[in-house]
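Data from final-v6.txt: compact mmCIF, C-alpha atoms
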# COMPACT_ATOMS: atom_id res chain seq x y z
CA MET C 1 0.00 0.00 0.00
CA GLU C 2 2.89 2.32 0.76
CA GLU C 3 4.31 1.87 -2.75
CA ILE C 4 0.99 2.75 -4.37
CA LEU C 5 0.73 5.91 -2.31
CA LEU C 6 4.32 6.79 -3.20
CA PHE C 7 3.53 6.17 -6.87
CA VAL C 8 0.46 8.44 -6.84
CA ILE C 9 2.17 11.26 -4.92
CA THR C 10 5.27 11.07 -7.11
CA PHE C 11 3.14 11.06 -10.26
CA ALA C 12 1.20 14.13 -9.15
CA LEU C 13 4.31 16.06 -8.15
CA VAL C 14 6.43 15.19 -11.16
CA TYR C 15 3.67 15.77 -13.70
CA GLY C 16 2.69 18.99 -11.96
CA VAL C 17 6.22 20.32 -12.18
CA TYR C 18 6.54 19.20 -15.83
CA ALA C 19 3.21 20.82 -16.72
CA LEU C 20 4.08 24.09 -15.00
CA MET C 21 7.54 24.26 -16.53
CA ILE C 22 6.79 23.15 -20.09
CA LEU C 23 3.10 23.15 -20.95
CA LYS C 24 2.21 26.53 -19.42
CA SER C 25 4.99 28.47 -21.14
CA LYS C 26 4.79 29.08 -24.88
CA LYS C 27 8.51 29.77 -25.05
CA ARG C 28 9.44 26.54 -23.28
CA LEU C 29 6.87 24.57 -25.27
CA GLU C 30 8.43 25.88 -28.47
CA SER C 31 11.92 24.91 -27.31
CA TYR C 32 10.59 21.46 -26.31
CA LYS C 33 10.21 20.73 -30.03
CA LYS C 34 13.99 20.40 -30.15
CA SER C 35 14.22 18.20 -27.05
CA THR C 36 15.94 14.83 -27.00
CA GLU C 37 12.66 12.98 -26.55
CA ILE C 38 11.02 14.55 -29.59
CA ARG C 39 14.12 14.15 -31.75
CA TYR C 40 14.37 10.49 -30.69
CA LEU C 41 10.78 9.86 -31.78
CA GLU C 42 11.39 11.65 -35.08
CA ASN C 43 14.62 9.83 -35.89
CA LYS C 44 13.96 6.33 -34.54
CA TYR C 45 10.32 5.97 -35.64
CA GLN C 46 10.28 8.47 -38.55
CA ILE C 47 7.33 10.33 -37.04
CA ASP C 48 6.38 13.64 -38.60
CA ILE C 49 5.85 15.79 -35.55
CA SER C 50 4.23 18.56 -37.58
CA LYS C 51 1.17 16.35 -38.19
CA PHE C 52 0.27 16.35 -34.49
CA PRO C 53 -1.04 19.20 -32.35
CA PHE C 54 2.19 19.83 -30.49
CA LYS C 55 0.76 20.65 -27.07
CA LYS C 56 -1.14 17.35 -27.06
CA LEU C 57 1.97 15.48 -28.21
CA ALA C 58 4.08 17.17 -25.52
CA ARG C 59 1.50 16.23 -22.89
CA THR C 60 1.65 12.59 -24.04
CA VAL C 61 5.45 12.53 -23.89
CA LEU C 62 5.41 14.17 -20.47
CA ILE C 63 2.96 11.57 -19.16
CA VAL C 64 5.23 8.79 -20.44
CA ASN C 65 8.25 10.44 -18.80
CA THR C 66 6.36 10.84 -15.55
CA LEU C 67 5.27 7.21 -15.57
CA ASP C 68 8.88 6.13 -16.16
CA ILE C 69 10.05 8.13 -13.15
CA CYS C 70 7.23 6.92 -10.90
CA ILE C 71 7.65 3.25 -11.80
CA THR C 72 11.38 3.55 -11.14
CA ALA C 73 10.84 5.24 -7.78
CA ALA C 74 8.26 2.67 -6.69
CA ILE C 75 10.47 -0.29 -7.61
CA ALA C 76 13.64 1.22 -6.16
CA CYS C 77 11.90 1.85 -2.82
CA LEU C 78 11.32 -1.87 -2.42
CA PHE C 79 15.01 -2.33 -1.55
CA SER C 80 16.63 -1.39 1.73
CA SER C 81 20.21 -0.53 0.80
CA TRP C 82 20.84 2.91 -0.73
CA ILE C 83 23.42 1.52 -3.12
CA LEU C 84 21.05 -1.23 -4.22
CA LYS C 85 18.26 1.34 -4.64
CA PHE C 86 20.52 3.44 -6.84
CA VAL C 87 21.71 0.55 -9.03
CA ILE C 88 18.27 -1.04 -9.38
CA GLY C 89 16.69 2.37 -9.98
CA PHE C 90 19.18 3.16 -12.73
CA LEU C 91 18.62 -0.19 -14.46
CA VAL C 92 14.85 0.01 -14.11
CA LEU C 93 14.86 3.58 -15.45
CA LEU C 94 16.82 2.56 -18.54
CA LEU C 95 14.51 -0.37 -19.21
CA THR C 96 11.32 1.61 -18.68
CA ILE C 97 12.53 4.39 -20.97
CA LEU C 98 13.39 1.95 -23.74
CA ILE C 99 10.11 0.05 -23.40
CA SER C 100 7.84 3.07 -22.99
CA TYR C 101 9.34 4.98 -25.91
CA SER C 102 9.02 1.88 -28.06
CA PHE C 103 5.31 1.70 -27.23
CA LEU C 104 4.93 5.46 -27.70
CA GLY C 105 6.74 5.40 -31.04
CA HIS C 106 4.55 2.60 -32.40
CA TYR C 107 1.41 4.28 -31.07
CA LEU C 108 2.28 7.61 -32.68
CA LYS C 109 3.21 5.90 -35.95
CA LYS C 110 -0.24 4.24 -36.07
CA LYS C 111 -1.91 7.57 -35.29
CA GLU C 112 0.14 9.27 -37.99
CA ARG C 113 -1.00 6.76 -40.63
CA LYS C 114 -4.65 7.45 -39.74
CA MET C 115 -4.22 11.20 -40.28

Starting from the file, give its structure as structure tokens.
Amino acid sequence: MEEILLFVITFALVYGVYALMILKSKKRLESYKKSTEIRYLENKYQIDISKFPFKKLARTVLIVNTLDICITAAIACLFSSWILKFVIGFLVLLLTILISYSFLGHYLKKKERKM
């Protein structure tokens, strides 16, 4: 039960900070188009970002990033040693990023074909 509560609180905090920093500022939203995440989706999955409403796309990417962070935090907290938490957290974060961006890339590619 503790892990679920941690997950929910972490999700709310991280997404809230992301939304305030990126989605609420037109200048930052514009510079987000050149971010590593967006470029990765463009290059790896050949997604034409201009076909999507960018604010909606940015919100989707931010939700995926937030879920990656929250899953990592919840899993890492299951271990007692700080060193073990750090190592497991790093490995889990890498795996969740690779898996979630794979799903996101395929999802966006399907959506792009329908447009």

Requested in this report: Choose the residue, out of C:Val14, C:Ile47, C:Ala58, C:Ala76, that has the smallest atom-to-atom separation from Leu29 of chain C; count all atoms listed in the file.
Outcome: C:Ala58

Query raised in the report: Could you name the residues that touch segment 59-63 of chain C at 8 Å or less, counting all atoms listed in the file, but leaving out those on the same chain fewer than 6 positions away, as number ranges by chain?
Result: C: 15, 18-19, 23, 37

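Distances from C:Ala73, C:Leu95, C:Leu78, C:Leu108 to Tyr45 of chain C were compared using only C-alpha atoms, and the smallest one belongs to C:Leu108.
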
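Distances from C:Gln46, C:Thr66, C:Ser31, C:Ser25 to Phe7 of chain C were compared using only C-alpha atoms, and the smallest one belongs to C:Thr66.
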
Report task. Would you mind telling me which residue in C:Lys109, C:Met115, C:Ile75, C:Cys70 lies nearest to Glu42 of chain C when using all atoms listed in the file? Result -> C:Lys109

Query - Minimum-distance residue to Tyr101 of chain C, chosen among C:Met1, C:Leu41, C:Val17, C:Lys33 (using all atoms listed in the file) - result: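 So, comparing all the options, the nearest one is C:Leu41.
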
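Counting all atoms listed in the file, the residue from C:Val64, C:Asp48, C:Glu2, C:Ala74 that sits nearest to Lys110 of chain C is C:Asp48.
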
Query raised in the report: What is the distance between atom CA of Glu112 of chain C and atom CA of Phe52 of chain C, in Å to one decimal?
Result: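 Here the two named atoms are 7.9 Å from each other.
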
Query - Shell around Thr72 of chain C at 10 Å using only C-alpha atoms, local window under 3 positions removed, as a PyMOL selection string - result: chain C and resi 7+66-69+75-77+85+88-97

Query - Å distance separating atom CA of Gly16 of chain C from atom CA of Glu30 of chain C, one decimal place - result: 18.8 Å

Might I get the box with edges along x, y and z of the file that holds all atoms of segment 1-15 of chain C listed there, padded by 5 Å on every side, given as centre and edge lengths in Å to one decimal, as AutoDock Vina command-line options?
--center_x 3.2 --center_y 8.0 --center_z -6.5 --size_x 16.4 --size_y 26.1 --size_z 24.5

Complete the atom set of segment 36-68 of chain C to N, CA and C atoms and return it as a tab-separated table (two decimals), keeping the file's coordinate frame.
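The file below, selection06.tsv, is the result:
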chain	number	residue	atom	x	y	z
C	36	THR	N	15.42	16.16	-26.69
C	36	THR	CA	15.94	14.83	-27.00
C	36	THR	C	14.81	13.83	-27.22
C	37	GLU	N	13.77	13.91	-26.42
C	37	GLU	CA	12.66	12.98	-26.55
C	37	GLU	C	11.98	13.10	-27.92
C	38	ILE	N	11.70	14.31	-28.31
C	38	ILE	CA	11.02	14.55	-29.59
C	38	ILE	C	11.93	14.15	-30.76
C	39	ARG	N	13.19	14.53	-30.68
C	39	ARG	CA	14.12	14.15	-31.75
C	39	ARG	C	14.27	12.63	-31.84
C	40	TYR	N	14.28	11.95	-30.70
C	40	TYR	CA	14.37	10.49	-30.69
C	40	TYR	C	13.18	9.88	-31.41
C	41	LEU	N	11.98	10.37	-31.12
C	41	LEU	CA	10.78	9.86	-31.78
C	41	LEU	C	10.81	10.13	-33.28
C	42	GLU	N	11.29	11.31	-33.66
C	42	GLU	CA	11.39	11.65	-35.08
C	42	GLU	C	12.39	10.75	-35.81
C	43	ASN	N	13.55	10.57	-35.21
C	43	ASN	CA	14.62	9.83	-35.89
C	43	ASN	C	14.42	8.32	-35.84
C	44	LYS	N	14.08	7.78	-34.70
C	44	LYS	CA	13.96	6.33	-34.54
C	44	LYS	C	12.72	5.78	-35.24
C	45	TYR	N	11.59	6.48	-35.12
C	45	TYR	CA	10.32	5.97	-35.64
C	45	TYR	C	9.82	6.74	-36.86
C	46	GLN	N	10.62	7.66	-37.38
C	46	GLN	CA	10.28	8.47	-38.55
C	46	GLN	C	8.87	9.08	-38.42
C	47	ILE	N	8.62	9.70	-37.29
C	47	ILE	CA	7.33	10.33	-37.04
C	47	ILE	C	7.42	11.79	-37.43
C	48	ASP	N	6.45	12.24	-38.21
C	48	ASP	CA	6.38	13.64	-38.60
C	48	ASP	C	5.64	14.41	-37.52
C	49	ILE	N	6.40	15.08	-36.71
C	49	ILE	CA	5.85	15.79	-35.55
C	49	ILE	C	4.88	16.89	-35.97
C	50	SER	N	5.08	17.45	-37.13
C	50	SER	CA	4.23	18.56	-37.58
C	50	SER	C	2.78	18.12	-37.83
C	51	LYS	N	2.54	16.83	-37.96
C	51	LYS	CA	1.17	16.35	-38.19
C	51	LYS	C	0.33	16.32	-36.92
C	52	PHE	N	0.97	16.43	-35.77
C	52	PHE	CA	0.27	16.35	-34.49
C	52	PHE	C	0.12	17.74	-33.88
C	53	PRO	N	-0.97	17.98	-33.15
C	53	PRO	CA	-1.04	19.20	-32.35
C	53	PRO	C	0.04	19.10	-31.27
C	54	PHE	N	0.99	20.02	-31.28
C	54	PHE	CA	2.19	19.83	-30.49
C	54	PHE	C	1.93	19.82	-28.99
C	55	LYS	N	1.02	20.62	-28.52
C	55	LYS	CA	0.76	20.65	-27.07
C	55	LYS	C	0.23	19.29	-26.60
C	56	LYS	N	-0.61	18.67	-27.40
C	56	LYS	CA	-1.14	17.35	-27.06
C	56	LYS	C	-0.03	16.30	-27.11
C	57	LEU	N	0.84	16.40	-28.10
C	57	LEU	CA	1.97	15.48	-28.21
C	57	LEU	C	2.92	15.66	-27.02
C	58	ALA	N	3.20	16.89	-26.66
C	58	ALA	CA	4.08	17.17	-25.52
C	58	ALA	C	3.47	16.62	-24.23
C	59	ARG	N	2.17	16.76	-24.08
C	59	ARG	CA	1.50	16.23	-22.89
C	59	ARG	C	1.64	14.70	-22.84
C	60	THR	N	1.50	14.05	-23.98
C	60	THR	CA	1.65	12.59	-24.04
C	60	THR	C	3.06	12.16	-23.67
C	61	VAL	N	4.05	12.85	-24.21
C	61	VAL	CA	5.45	12.53	-23.89
C	61	VAL	C	5.73	12.79	-22.42
C	62	LEU	N	5.19	13.87	-21.88
C	62	LEU	CA	5.41	14.17	-20.47
C	62	LEU	C	4.76	13.13	-19.55
C	63	ILE	N	3.61	12.63	-19.94
C	63	ILE	CA	2.96	11.57	-19.16
C	63	ILE	C	3.81	10.30	-19.18
C	64	VAL	N	4.36	9.97	-20.34
C	64	VAL	CA	5.23	8.79	-20.44
C	64	VAL	C	6.47	8.99	-19.58
C	65	ASN	N	7.08	10.15	-19.63
C	65	ASN	CA	8.25	10.44	-18.80
C	65	ASN	C	7.92	10.34	-17.31
C	66	THR	N	6.78	10.88	-16.94
C	66	THR	CA	6.36	10.84	-15.55
C	66	THR	C	6.12	9.41	-15.08
C	67	LEU	N	5.48	8.61	-15.92
C	67	LEU	CA	5.27	7.21	-15.57
C	67	LEU	C	6.59	6.47	-15.40
C	68	ASP	N	7.55	6.75	-16.27
C	68	ASP	CA	8.88	6.13	-16.16
C	68	ASP	C	9.51	6.45	-14.80
